[in-house]
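Data file: final08.pdb. Format and content: PDB, C-alpha atoms.
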ATOM      1  CA  ASP A   1       0.000   0.000   0.000
ATOM      2  CA  LEU A   2       2.817   2.420   0.839
ATOM      3  CA  ILE A   3       4.515   1.909  -2.541
ATOM      4  CA  MET A   4       1.217   2.355  -4.381
ATOM      5  CA  ASN A   5       0.357   5.513  -2.427
ATOM      6  CA  LEU A   6       3.751   7.020  -3.267
ATOM      7  CA  PHE A   7       3.317   6.038  -6.898
ATOM      8  CA  ILE A   8      -0.126   7.656  -7.207
ATOM      9  CA  LYS A   9       1.076  10.779  -5.414
ATOM     10  CA  TYR A  10       3.952  11.307  -7.832
ATOM     11  CA  VAL A  11       1.815  10.551 -10.867
ATOM     12  CA  LEU A  12      -0.619  13.290  -9.892
ATOM     13  CA  LEU A  13       2.301  15.687  -9.560
ATOM     14  CA  LEU A  14       3.849  14.889 -12.936
ATOM     15  CA  PHE A  15       2.055  17.413 -15.075
ATOM     16  CA  ILE A  16       3.142  20.313 -12.869
ATOM     17  CA  ILE A  17       6.661  19.114 -12.079
ATOM     18  CA  THR A  18       8.095  21.696 -14.474
ATOM     19  CA  ALA A  19       6.259  24.497 -12.745
ATOM     20  CA  PHE A  20       8.969  25.687 -10.326
ATOM     21  CA  THR A  21      10.687  28.794 -11.548
ATOM     22  CA  GLY A  22      13.265  31.162 -10.157
ATOM     23  CA  THR A  23      12.969  34.910 -10.442
ATOM     24  CA  GLY A  24      16.354  36.361  -9.554
ATOM     25  CA  ASN A  25      16.820  39.605  -7.632
ATOM     26  CA  GLU A  26      13.955  41.720  -8.849
ATOM     27  CA  GLU A  27      12.869  45.104  -7.570
ATOM     28  CA  PRO A  28      10.436  46.298  -6.375
ATOM     29  CA  THR A  29       8.691  43.775  -4.104
ATOM     30  CA  TYR A  30       6.120  42.866  -6.747
ATOM     31  CA  THR A  31       7.558  42.905 -10.247
ATOM     32  CA  PRO A  32       4.762  43.018 -12.846
ATOM     33  CA  ILE A  33       4.826  40.307 -15.514
ATOM     34  CA  LYS A  34       3.306  40.759 -18.943
ATOM     35  CA  TYR A  35       1.166  37.815 -20.044
ATOM     36  CA  ASN A  36      -1.890  36.920 -22.080
ATOM     37  CA  SER A  37      -1.891  33.158 -21.596
ATOM     38  CA  PHE A  38      -4.732  32.502 -19.130
ATOM     39  CA  ALA A  39      -7.727  34.107 -17.481
ATOM     40  CA  ARG A  40     -10.283  33.537 -14.744
ATOM     41  CA  GLY A  41     -12.653  30.627 -15.260
ATOM     42  CA  GLU A  42     -10.219  28.330 -17.074
ATOM     43  CA  LYS A  43     -10.772  24.614 -16.398
ATOM     44  CA  LEU A  44      -8.499  21.788 -17.544
ATOM     45  CA  GLU A  45      -9.316  18.111 -16.981
ATOM     46  CA  TYR A  46      -6.843  15.225 -17.180
ATOM     47  CA  LYS A  47      -6.755  11.455 -16.986
ATOM     48  CA  VAL A  48      -3.957   9.517 -15.294
ATOM     49  CA  ASN A  49      -2.804   6.227 -16.815
ATOM     50  CA  PHE A  50      -0.668   3.318 -15.709
ATOM     51  CA  GLY A  51       0.092   1.269 -18.786
ATOM     52  CA  ILE A  52      -3.217   0.781 -20.586
ATOM     53  CA  PHE A  53      -5.298   1.394 -17.460
ATOM     54  CA  THR A  54      -6.867   4.673 -16.337
ATOM     55  CA  ILE A  55      -6.126   4.945 -12.623
ATOM     56  CA  GLY A  56      -6.984   8.538 -11.790
ATOM     57  CA  GLU A  57      -8.189  11.945 -12.848
ATOM     58  CA  ALA A  58      -7.232  15.541 -12.136
ATOM     59  CA  GLN A  59      -8.597  19.045 -12.627
ATOM     60  CA  MET A  60      -6.767  22.385 -12.760
ATOM     61  CA  ILE A  61      -9.122  25.321 -12.190
ATOM     62  CA  ILE A  62      -8.645  29.099 -12.104
ATOM     63  CA  ASP A  63     -11.578  30.560 -10.165
ATOM     64  CA  ASP A  64     -13.905  32.848 -12.094
ATOM     65  CA  LYS A  65     -13.386  35.787  -9.732
ATOM     66  CA  PHE A  66     -10.465  37.664  -8.198
ATOM     67  CA  TYR A  67      -9.643  37.596  -4.467
ATOM     68  CA  ARG A  68      -7.994  40.260  -2.295
ATOM     69  CA  ILE A  69      -5.014  38.990  -0.261
ATOM     70  CA  ASN A  70      -2.441  41.284   1.390
ATOM     71  CA  SER A  71      -4.178  44.186  -0.377
ATOM     72  CA  ARG A  72      -3.311  42.570  -3.712
ATOM     73  CA  GLU A  73      -5.591  41.200  -6.447
ATOM     74  CA  CYS A  74      -5.144  37.431  -6.720
ATOM     75  CA  TYR A  75      -6.143  34.439  -8.790
ATOM     76  CA  LYS A  76      -7.419  31.437  -6.855
ATOM     77  CA  VAL A  77      -5.925  28.331  -8.471
ATOM     78  CA  ASP A  78      -6.910  24.802  -7.459
ATOM     79  CA  ILE A  79      -5.821  21.311  -8.441
ATOM     80  CA  PHE A  80      -7.881  18.269  -7.549
ATOM     81  CA  GLY A  81      -6.464  14.775  -8.039
ATOM     82  CA  LYS A  82      -8.025  11.449  -7.191
ATOM     83  CA  THR A  83      -7.756   7.763  -8.005
ATOM     84  CA  LYS A  84     -10.582   5.902  -9.660
ATOM     85  CA  GLY A  85     -11.620   2.351 -10.499
ATOM     86  CA  MET A  86      -9.892  -0.659  -9.002
ATOM     87  CA  VAL A  87      -6.916   1.399  -7.788
ATOM     88  CA  ASP A  88      -9.244   3.046  -5.267
ATOM     89  CA  TRP A  89      -9.500  -0.266  -3.438
ATOM     90  CA  VAL A  90      -5.768  -0.483  -2.678
ATOM     91  CA  ALA A  91      -4.563   3.134  -2.661
ATOM     92  CA  ASN A  92      -7.329   5.693  -2.378
ATOM     93  CA  VAL A  93      -6.034   9.195  -3.152
ATOM     94  CA  ASP A  94      -8.143  12.368  -2.956
ATOM     95  CA  ASP A  95      -5.865  15.428  -2.891
ATOM     96  CA  HIS A  96      -6.636  19.137  -3.137
ATOM     97  CA  TRP A  97      -3.917  21.723  -3.768
ATOM     98  CA  GLY A  98      -4.576  25.441  -4.020
ATOM     99  CA  ALA A  99      -3.035  28.902  -3.954
ATOM    100  CA  TYR A 100      -3.866  32.574  -4.094
ATOM    101  CA  VAL A 101      -1.500  33.960  -6.726
ATOM    102  CA  ASP A 102      -0.772  37.638  -7.305
ATOM    103  CA  SER A 103      -2.431  38.587 -10.617
ATOM    104  CA  SER A 104       0.362  41.025 -11.526
ATOM    105  CA  ALA A 105       3.600  39.473 -10.242
ATOM    106  CA  LEU A 106       2.425  35.798 -10.326
ATOM    107  CA  VAL A 107       3.880  35.049  -6.897
ATOM    108  CA  PRO A 108       1.917  33.195  -4.181
ATOM    109  CA  HIS A 109       0.460  34.900  -1.126
ATOM    110  CA  ILE A 110      -1.155  31.811   0.390
ATOM    111  CA  SER A 111      -1.007  28.158  -0.628
ATOM    112  CA  TYR A 112      -2.780  25.211   0.926
ATOM    113  CA  ARG A 113      -2.958  21.433   0.654
ATOM    114  CA  LYS A 114      -5.542  18.915   1.811
ATOM    115  CA  ILE A 115      -3.941  15.509   1.298
ATOM    116  CA  ARG A 116      -5.890  12.265   1.632
ATOM    117  CA  GLU A 117      -3.866   9.216   0.568
ATOM    118  CA  GLY A 118      -5.070   5.991   2.124
ATOM    119  CA  LYS A 119      -4.592   6.361   5.869
ATOM    120  CA  TYR A 120      -2.229   9.312   5.397
ATOM    121  CA  LYS A 121      -3.699  12.784   5.934
ATOM    122  CA  LYS A 122      -2.130  16.217   5.881
ATOM    123  CA  ASP A 123      -3.638  19.705   6.050
ATOM    124  CA  GLU A 124      -1.212  22.559   5.423
ATOM    125  CA  VAL A 125      -1.381  26.316   4.934
ATOM    126  CA  VAL A 126       1.668  28.280   3.736
ATOM    127  CA  ARG A 127       1.863  32.084   3.798
ATOM    128  CA  PHE A 128       4.398  34.063   1.766
ATOM    129  CA  ASP A 129       5.477  37.529   2.909
ATOM    130  CA  HIS A 130       7.369  38.939  -0.070
ATOM    131  CA  ARG A 131       8.009  42.244   1.685
ATOM    132  CA  VAL A 132      10.440  40.573   4.111
ATOM    133  CA  ASN A 133      11.147  37.343   2.138
ATOM    134  CA  LEU A 134       9.726  34.976   4.751
ATOM    135  CA  ILE A 135       7.562  31.869   4.455
ATOM    136  CA  GLU A 136       5.349  30.559   7.278
ATOM    137  CA  ALA A 137       4.110  26.962   7.007
ATOM    138  CA  LYS A 138       1.482  25.519   9.342
ATOM    139  CA  VAL A 139       0.288  21.904   9.521
ATOM    140  CA  LYS A 140      -2.772  20.682  11.406
ATOM    141  CA  ASN A 141      -2.384  18.291  14.319
ATOM    142  CA  LYS A 142      -4.211  15.120  13.219
ATOM    143  CA  LYS A 143      -5.538  14.430  16.717
ATOM    144  CA  THR A 144      -6.669  17.885  17.838
ATOM    145  CA  GLY A 145      -7.482  19.447  14.471
ATOM    146  CA  GLU A 146      -5.601  22.578  15.552
ATOM    147  CA  PHE A 147      -2.613  24.008  13.704
ATOM    148  CA  LYS A 148       0.797  23.240  15.174
ATOM    149  CA  GLU A 149       3.427  25.899  15.817
ATOM    150  CA  PRO A 150       4.369  27.310  12.395
ATOM    151  CA  LYS A 151       7.743  26.806  10.751
ATOM    152  CA  VAL A 152       9.366  29.925   9.307
ATOM    153  CA  TYR A 153      11.799  29.980   6.373
ATOM    154  CA  VAL A 154      13.962  32.730   4.913
ATOM    155  CA  ALA A 155      13.204  32.701   1.181
ATOM    156  CA  PRO A 156      14.910  34.009  -1.961
ATOM    157  CA  LYS A 157      13.286  37.134  -3.346
ATOM    158  CA  GLY A 158      10.285  36.461  -5.543
ATOM    159  CA  ILE A 159      10.033  32.766  -4.574
ATOM    160  CA  ARG A 160       7.155  30.778  -6.061
ATOM    161  CA  ASP A 161       5.329  27.677  -4.984
ATOM    162  CA  MET A 162       4.203  24.990  -7.412
ATOM    163  CA  LEU A 163       0.945  26.617  -8.519
ATOM    164  CA  ALA A 164       2.344  30.116  -8.961
ATOM    165  CA  GLY A 165       5.187  28.501 -10.887
ATOM    166  CA  TYR A 166       2.657  26.687 -13.068
ATOM    167  CA  LEU A 167       1.126  30.028 -14.080
ATOM    168  CA  TYR A 168       4.544  31.621 -14.599
ATOM    169  CA  LEU A 169       5.706  28.744 -16.817
ATOM    170  CA  ARG A 170       2.888  29.652 -19.183
ATOM    171  CA  THR A 171       4.345  33.130 -19.710
ATOM    172  CA  ILE A 172       7.788  31.937 -20.927
ATOM    173  CA  ASP A 173       8.680  32.699 -24.548
ATOM    174  CA  PHE A 174      10.193  29.492 -25.914
ATOM    175  CA  ASN A 175      10.807  31.174 -29.288
ATOM    176  CA  THR A 176      14.024  32.554 -27.794
ATOM    177  CA  MET A 177      15.386  29.041 -27.113
ATOM    178  CA  GLN A 178      17.302  26.611 -29.292
ATOM    179  CA  LYS A 179      16.563  22.888 -29.238
ATOM    180  CA  GLY A 180      18.682  21.341 -26.478
ATOM    181  CA  ASP A 181      18.894  24.500 -24.361
ATOM    182  CA  VAL A 182      18.695  23.871 -20.608
ATOM    183  CA  PHE A 183      17.166  26.300 -18.144
ATOM    184  CA  THR A 184      16.966  26.002 -14.362
ATOM    185  CA  MET A 185      13.817  26.211 -12.291
ATOM    186  CA  SER A 186      13.582  26.697  -8.543
ATOM    187  CA  GLY A 187      10.815  26.823  -5.984
ATOM    188  CA  PHE A 188       9.514  25.964  -2.511
ATOM    189  CA  PHE A 189       7.624  22.779  -1.736
ATOM    190  CA  GLU A 190       7.160  20.666   1.406
ATOM    191  CA  ASP A 191       9.620  22.515   3.645
ATOM    192  CA  GLU A 192      12.375  22.578   1.004
ATOM    193  CA  PHE A 193      13.783  24.808  -1.716
ATOM    194  CA  TYR A 194      14.278  23.036  -5.022
ATOM    195  CA  GLU A 195      16.200  23.504  -8.241
ATOM    196  CA  LEU A 196      15.461  21.519 -11.374
ATOM    197  CA  ASP A 197      17.083  21.672 -14.820
ATOM    198  CA  ILE A 198      14.719  21.509 -17.802
ATOM    199  CA  ARG A 199      15.800  20.779 -21.375
ATOM    200  CA  TYR A 200      13.866  22.329 -24.261
ATOM    201  CA  ARG A 201      13.355  19.534 -26.800
ATOM    202  CA  GLY A 202      11.719  21.508 -29.610
ATOM    203  CA  ARG A 203       8.246  21.226 -31.087
ATOM    204  CA  GLU A 204       6.180  18.301 -32.345
ATOM    205  CA  LYS A 205       2.643  17.034 -32.913
ATOM    206  CA  ILE A 206       1.039  15.024 -30.120
ATOM    207  CA  LYS A 207      -2.265  13.259 -29.609
ATOM    208  CA  THR A 208      -4.370  13.452 -26.436
ATOM    209  CA  LYS A 209      -7.906  12.555 -25.438
ATOM    210  CA  ALA A 210      -8.773  16.216 -26.076
ATOM    211  CA  GLY A 211      -7.440  16.072 -29.660
ATOM    212  CA  LYS A 212      -4.226  16.539 -31.637
ATOM    213  CA  PHE A 213      -2.032  19.572 -30.954
ATOM    214  CA  MET A 214       1.219  21.239 -31.893
ATOM    215  CA  ALA A 215       3.261  21.123 -28.710
ATOM    216  CA  ILE A 216       6.413  22.370 -27.022
ATOM    217  CA  LYS A 217       8.392  19.415 -25.645
ATOM    218  CA  LEU A 218      10.219  19.683 -22.307
ATOM    219  CA  GLU A 219      12.431  17.228 -20.425
ATOM    220  CA  PRO A 220      12.986  17.640 -16.677
ATOM    221  CA  LEU A 221      16.500  16.321 -15.959
ATOM    222  CA  MET A 222      15.856  14.130 -12.946
ATOM    223  CA  PRO A 223      18.591  13.339 -10.411
ATOM    224  CA  GLU A 224      19.122   9.670  -9.609
ATOM    225  CA  ASN A 225      16.204   8.395  -7.568
ATOM    226  CA  LYS A 226      14.267   5.252  -6.710
ATOM    227  CA  LEU A 227      11.106   6.165  -8.615
ATOM    228  CA  PHE A 228      11.967   7.278 -12.161
ATOM    229  CA  ASP A 229      14.018   5.176 -14.569
ATOM    230  CA  GLY A 230      17.066   6.742 -16.262
ATOM    231  CA  GLU A 231      17.368   9.341 -19.029
ATOM    232  CA  ASP A 232      14.197  10.616 -20.676
ATOM    233  CA  SER A 233      12.401   9.340 -17.578
ATOM    234  CA  ILE A 234       9.944  12.267 -17.759
ATOM    235  CA  LEU A 235       8.763  14.128 -20.848
ATOM    236  CA  ALA A 236       6.192  16.919 -20.807
ATOM    237  CA  TRP A 237       4.316  18.719 -23.581
ATOM    238  CA  ILE A 238       2.583  22.100 -23.414
ATOM    239  CA  SER A 239       0.496  23.653 -26.169
ATOM    240  CA  ASP A 240       2.487  25.567 -28.789
ATOM    241  CA  ASP A 241       0.340  28.677 -28.643
ATOM    242  CA  GLU A 242      -0.199  31.648 -26.385
ATOM    243  CA  ASN A 243      -1.983  29.544 -23.722
ATOM    244  CA  LYS A 244       0.826  27.025 -23.116
ATOM    245  CA  ILE A 245      -1.513  24.680 -21.290
ATOM    246  CA  PRO A 246      -0.116  21.332 -20.078
ATOM    247  CA  LEU A 247      -1.152  18.714 -22.634
ATOM    248  CA  LYS A 248       0.635  15.540 -21.659
ATOM    249  CA  VAL A 249       3.291  14.043 -19.412
ATOM    250  CA  GLN A 250       4.731  10.561 -19.693
ATOM    251  CA  ALA A 251       7.123   8.915 -17.283
ATOM    252  CA  LYS A 252       9.199   5.769 -17.156
ATOM    253  CA  MET A 253       9.124   4.432 -13.632
ATOM    254  CA  PHE A 254      10.817   1.356 -12.222
ATOM    255  CA  ILE A 255       7.400  -0.248 -11.705
ATOM    256  CA  GLY A 256       6.098   0.634 -15.193
ATOM    257  CA  ASN A 257       5.175   3.480 -17.523
ATOM    258  CA  THR A 258       2.624   6.068 -16.543
ATOM    259  CA  GLY A 259       1.195   9.246 -17.984
ATOM    260  CA  VAL A 260      -1.138  12.197 -17.621
ATOM    261  CA  GLU A 261      -2.990  13.687 -20.584
ATOM    262  CA  LEU A 262      -5.549  16.391 -21.261
ATOM    263  CA  LYS A 263      -9.059  15.093 -21.871
ATOM    264  CA  LYS A 264     -11.193  18.248 -21.707
ATOM    265  CA  TYR A 265     -10.797  22.024 -21.488
ATOM    266  CA  SER A 266     -13.017  25.099 -21.191
ATOM    267  CA  ASN A 267     -12.644  28.891 -20.975
ATOM    268  CA  VAL A 268      -9.123  28.830 -22.433
ATOM    269  CA  LYS A 269      -8.189  32.425 -23.208
ATOM    270  CA  ASN A 270      -6.641  32.083 -26.687
ATOM    271  CA  PRO A 271      -7.123  29.747 -29.670
ATOM    272  CA  LEU A 272      -5.386  26.415 -29.070
ATOM    273  CA  SER A 273      -2.859  24.851 -31.449
ATOM    274  CA  ARG A 274      -5.347  22.083 -32.195
ATOM    275  CA  LEU A 275      -4.894  20.126 -35.430
ATOM    276  CA  ASN A 276      -7.603  18.555 -37.575
TER     277      ASN A 276
END
Take the structure I supplied and represent it as C-alpha cells, if you would.
Amino acid sequence: DLIMNLFIKYVLLLFIITAFTGTGNEEPTYTPIKYNSFARGEKLEYKVNFGIFTIGEAQMIIDDKFYRINSRECYKVDIFGKTKGMVDWVANVDDHWGAYVDSSALVPHISYRKIREGKYKKDEVVRFDHRVNLIEAKVKNKKTGEFKEPKVYVAPKGIRDMLAGYLYLRTIDFNTMQKGDVFTMSGFFEDEFYELDIRYRGREKIKTKAGKFMAIKLEPLMPENKLFDGEDSILAWISDDENKIPLKVQAKMFIGNTGVELKKYSNVKNPLSRLN
C-alpha cells in the first residue's frame, strides 16, 4: 500500500513538475509580468494512466473571480487529483492543492494542501510575505485538528510555490530558445527549496484525449532516484500557442510506464494549437 500511495502521489504531480521557476533579484517587491496566456474561469481536466489502465483523474481550475489577499488582487488556483476504479481499493487518493497567486507578479500569497492518501492525511497552509522574504508553514495536528506551531523559512526574493510557478511557466517565450537549451527552475515545496534543470526539446505534434495539438516538448532532468528510470524518464508537452496549457506528461518508472494527458478544457483564453 505504501509503494502504491507514493506512486499515485507522484503521478498526480507529474504534469506540474516543471512548474517551479526562479525569479532572480527583482525590484520592487512585486515585479509586474506581462502575459496573455490565461484568465479567470479556465478549467483543464486530465486522466492519469498506468500502462493501458486509467487509474486517476485531475482538474486544474482558475476561479472565475479575483480575491484580495495582502491588499493585492489574486487568482485562486486549485488542483484536484483522485484515483478511480480498481486502484481506489488499494490506494485511495483524494488530494486538493490550491493557492492565491498575485495577478500582476504571479507570486503566491497563500497556498494550501488537503492531502488524503489511504490512511495518510495532511492539512497545510503556507503564507508568503514577499516584503520581508519569509515563508510561514502551518500543519494541522491530526488528533486535535488545531494548527501546530508554524515553521518559518527565509526565502529568496520572488520565490514561487508549485501553482504560482505553473502560471509563470505559461508566460515563458520558448521562441528565444534553441533545441537542447537547458534552463533552471527553482521553488519551494514541502519545507524545502528546489532547483530543477529543464531541457527544451523543440516542437512536435502530439495526440491526447482532447485532440491533436502542436506542442512544445520539455524534459525535466531528474537526479538519480528510486522512482523514475534513467534518461528521458519524464517528458512533458505544453500547447504551442499563447496559452501554453499542459497537454501531456509521460514517465518511465521502475514499476512501469505512466502518464497524464488532457481530456477536456473550457474557458481557455486564446485559440489552441489544435490540429484537424
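Distances here use only C-alpha atoms; by that measure, the residue among A:Ala91, A:Leu235, A:Ile62, A:Leu44 closest to A:Lys217 is A:Leu235.
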For this session: Please provide as a list of chain:residue names all residues within 10 Å of A:Val154, with the sequence filter that same-chain residues fewer than 6 positions apart are discarded (counting only C-alpha atoms).
Result: A:Asp129, A:Val132, A:Asn133, A:Leu134, A:Ile135, A:Glu136
Could you please take those selected residues and save C-alpha atoms as a CSV table (one decimal), in the coordinates of the input?
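What follows is the written file part.csv:
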chain,number,residue,atom,x,y,z
A,129,ASP,CA,5.5,37.5,2.9
A,132,VAL,CA,10.4,40.6,4.1
A,133,ASN,CA,11.1,37.3,2.1
A,134,LEU,CA,9.7,35.0,4.8
A,135,ILE,CA,7.6,31.9,4.5
A,136,GLU,CA,5.3,30.6,7.3
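From atom CA of A:Lys252 back to atom CA of A:Gly51, the distance works out to 10.3 Å.
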For this session: Could you please determine the separation between atom CA of A:Arg170 and atom CA of A:Asn36 in Å, to one decimal place?
Result: 9.2 Å
Problem set entry | Residues within 7 Å of A:Val139, all atoms listed in the file, excluding chain neighbours under 6 positions, as a list of chain:residue names | A:Asp123, A:Glu124, A:Val125, A:Phe147, A:Lys148
For this session: Using all atoms listed in the file, find the one residue out of A:Leu196, A:Leu247, A:Ala210, A:Leu275 that sits nearest to A:Met222.
Result: A:Leu196
For this session: List the residues selected by the PyMOL selection byres ((chain A and resi 35) around 12) in the file shown, writing them as a ChimeraX atom specification.
Result: /A:32-34,36-39,103-106,167-173,242-244,269-270
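Among A:Thr184, A:Ser233, A:Asn49, A:Ser239, the residue with the shortest atom-to-atom distance to A:Gly202, counting all atoms listed in the file, is A:Ser239.
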For this session: Translate the PyMOL selection byres ((chain A and resi 128) around 9), as applied to the file shown, into an explicit residue set as a ChimeraX atom specification.
Result: /A:107-111,126-127,129-131,133-137,155,159-160
Where atoms are missing, can you supply all heavy atoms for stretch 151-161 of chain A and output the lot as a PDB file, in the coordinates of the input?
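After the write, result_21.pdb holds the following:
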ATOM      1  N   LYS A 151       6.330  26.762  11.110  1.00  0.00           N
ATOM      2  CA  LYS A 151       7.743  26.806  10.751  1.00  0.00           C
ATOM      3  C   LYS A 151       7.955  28.023   9.856  1.00  0.00           C
ATOM      4  O   LYS A 151       7.134  28.316   8.992  1.00  0.00           O
ATOM      5  CB  LYS A 151       8.160  25.539  10.009  1.00  0.00           C
ATOM      6  CG  LYS A 151       8.097  24.273  10.845  1.00  0.00           C
ATOM      7  CD  LYS A 151       8.559  23.069  10.030  1.00  0.00           C
ATOM      8  CE  LYS A 151       8.522  21.795  10.851  1.00  0.00           C
ATOM      9  NZ  LYS A 151       8.955  20.610  10.045  1.00  0.00           N
ATOM     10  N   VAL A 152       9.074  28.708  10.068  1.00  0.00           N
ATOM     11  CA  VAL A 152       9.366  29.925   9.307  1.00  0.00           C
ATOM     12  C   VAL A 152      10.654  29.719   8.523  1.00  0.00           C
ATOM     13  O   VAL A 152      11.635  29.176   9.039  1.00  0.00           O
ATOM     14  CB  VAL A 152       9.480  31.152  10.231  1.00  0.00           C
ATOM     15  CG1 VAL A 152       9.832  32.403   9.428  1.00  0.00           C
ATOM     16  CG2 VAL A 152       8.163  31.360  10.988  1.00  0.00           C
ATOM     17  N   TYR A 153      10.646  30.149   7.259  1.00  0.00           N
ATOM     18  CA  TYR A 153      11.799  29.980   6.373  1.00  0.00           C
ATOM     19  C   TYR A 153      12.164  31.331   5.759  1.00  0.00           C
ATOM     20  O   TYR A 153      11.291  32.125   5.412  1.00  0.00           O
ATOM     21  CB  TYR A 153      11.469  29.011   5.233  1.00  0.00           C
ATOM     22  CG  TYR A 153      10.943  27.676   5.695  1.00  0.00           C
ATOM     23  CD1 TYR A 153       9.579  27.506   5.959  1.00  0.00           C
ATOM     24  CD2 TYR A 153      11.794  26.594   5.857  1.00  0.00           C
ATOM     25  CE1 TYR A 153       9.090  26.278   6.377  1.00  0.00           C
ATOM     26  CE2 TYR A 153      11.307  25.357   6.277  1.00  0.00           C
ATOM     27  CZ  TYR A 153       9.955  25.217   6.541  1.00  0.00           C
ATOM     28  OH  TYR A 153       9.479  24.016   6.953  1.00  0.00           O
ATOM     29  N   VAL A 154      13.475  31.557   5.653  1.00  0.00           N
ATOM     30  CA  VAL A 154      13.962  32.730   4.913  1.00  0.00           C
ATOM     31  C   VAL A 154      14.031  32.327   3.446  1.00  0.00           C
ATOM     32  O   VAL A 154      14.654  31.322   3.085  1.00  0.00           O
ATOM     33  CB  VAL A 154      15.350  33.175   5.416  1.00  0.00           C
ATOM     34  CG1 VAL A 154      15.871  34.352   4.589  1.00  0.00           C
ATOM     35  CG2 VAL A 154      15.270  33.544   6.901  1.00  0.00           C
ATOM     36  N   ALA A 155      13.367  33.097   2.581  1.00  0.00           N
ATOM     37  CA  ALA A 155      13.204  32.701   1.181  1.00  0.00           C
ATOM     38  C   ALA A 155      13.958  33.630   0.239  1.00  0.00           C
ATOM     39  O   ALA A 155      14.162  34.812   0.546  1.00  0.00           O
ATOM     40  CB  ALA A 155      11.723  32.712   0.813  1.00  0.00           C
ATOM     41  N   PRO A 156      14.370  33.118  -0.916  1.00  0.00           N
ATOM     42  CA  PRO A 156      14.910  34.009  -1.961  1.00  0.00           C
ATOM     43  C   PRO A 156      13.829  34.989  -2.405  1.00  0.00           C
ATOM     44  O   PRO A 156      12.636  34.698  -2.309  1.00  0.00           O
ATOM     45  CB  PRO A 156      15.262  33.040  -3.100  1.00  0.00           C
ATOM     46  CG  PRO A 156      15.335  31.696  -2.478  1.00  0.00           C
ATOM     47  CD  PRO A 156      14.378  31.711  -1.323  1.00  0.00           C
ATOM     48  N   LYS A 157      14.239  36.124  -2.906  1.00  0.00           N
ATOM     49  CA  LYS A 157      13.286  37.134  -3.346  1.00  0.00           C
ATOM     50  C   LYS A 157      12.458  36.616  -4.514  1.00  0.00           C
ATOM     51  O   LYS A 157      12.969  35.980  -5.418  1.00  0.00           O
ATOM     52  CB  LYS A 157      14.026  38.412  -3.758  1.00  0.00           C
ATOM     53  CG  LYS A 157      13.103  39.603  -3.946  1.00  0.00           C
ATOM     54  CD  LYS A 157      13.885  40.880  -4.083  1.00  0.00           C
ATOM     55  CE  LYS A 157      12.959  42.079  -4.167  1.00  0.00           C
ATOM     56  NZ  LYS A 157      12.175  42.258  -2.937  1.00  0.00           N
ATOM     57  N   GLY A 158      11.158  36.851  -4.452  1.00  0.00           N
ATOM     58  CA  GLY A 158      10.285  36.461  -5.543  1.00  0.00           C
ATOM     59  C   GLY A 158      10.043  34.965  -5.641  1.00  0.00           C
ATOM     60  O   GLY A 158       9.693  34.462  -6.708  1.00  0.00           O
ATOM     61  N   ILE A 159      10.193  34.223  -4.533  1.00  0.00           N
ATOM     62  CA  ILE A 159      10.033  32.766  -4.574  1.00  0.00           C
ATOM     63  C   ILE A 159       8.603  32.393  -4.965  1.00  0.00           C
ATOM     64  O   ILE A 159       7.647  33.108  -4.654  1.00  0.00           O
ATOM     65  CB  ILE A 159      10.386  32.143  -3.203  1.00  0.00           C
ATOM     66  CG1 ILE A 159      10.528  30.620  -3.302  1.00  0.00           C
ATOM     67  CG2 ILE A 159       9.353  32.524  -2.143  1.00  0.00           C
ATOM     68  CD1 ILE A 159      11.722  30.169  -4.087  1.00  0.00           C
ATOM     69  N   ARG A 160       8.473  31.271  -5.672  1.00  0.00           N
ATOM     70  CA  ARG A 160       7.155  30.778  -6.061  1.00  0.00           C
ATOM     71  C   ARG A 160       6.944  29.365  -5.535  1.00  0.00           C
ATOM     72  O   ARG A 160       7.883  28.595  -5.404  1.00  0.00           O
ATOM     73  CB  ARG A 160       6.997  30.785  -7.590  1.00  0.00           C
ATOM     74  CG  ARG A 160       6.914  32.191  -8.163  1.00  0.00           C
ATOM     75  CD  ARG A 160       6.592  32.174  -9.653  1.00  0.00           C
ATOM     76  NE  ARG A 160       6.321  33.526 -10.102  1.00  0.00           N
ATOM     77  CZ  ARG A 160       7.243  34.334 -10.627  1.00  0.00           C
ATOM     78  NH1 ARG A 160       8.480  33.909 -10.773  1.00  0.00           N
ATOM     79  NH2 ARG A 160       6.924  35.554 -10.995  1.00  0.00           N
ATOM     80  N   ASP A 161       5.692  29.053  -5.280  1.00  0.00           N
ATOM     81  CA  ASP A 161       5.329  27.677  -4.984  1.00  0.00           C
ATOM     82  C   ASP A 161       4.983  26.987  -6.300  1.00  0.00           C
ATOM     83  O   ASP A 161       5.161  27.537  -7.381  1.00  0.00           O
ATOM     84  CB  ASP A 161       4.155  27.635  -4.001  1.00  0.00           C
ATOM     85  CG  ASP A 161       2.845  28.039  -4.661  1.00  0.00           C
ATOM     86  OD1 ASP A 161       2.872  28.852  -5.622  1.00  0.00           O
ATOM     87  OD2 ASP A 161       1.790  27.548  -4.240  1.00  0.00           O
TER      88      ASP A 161
END
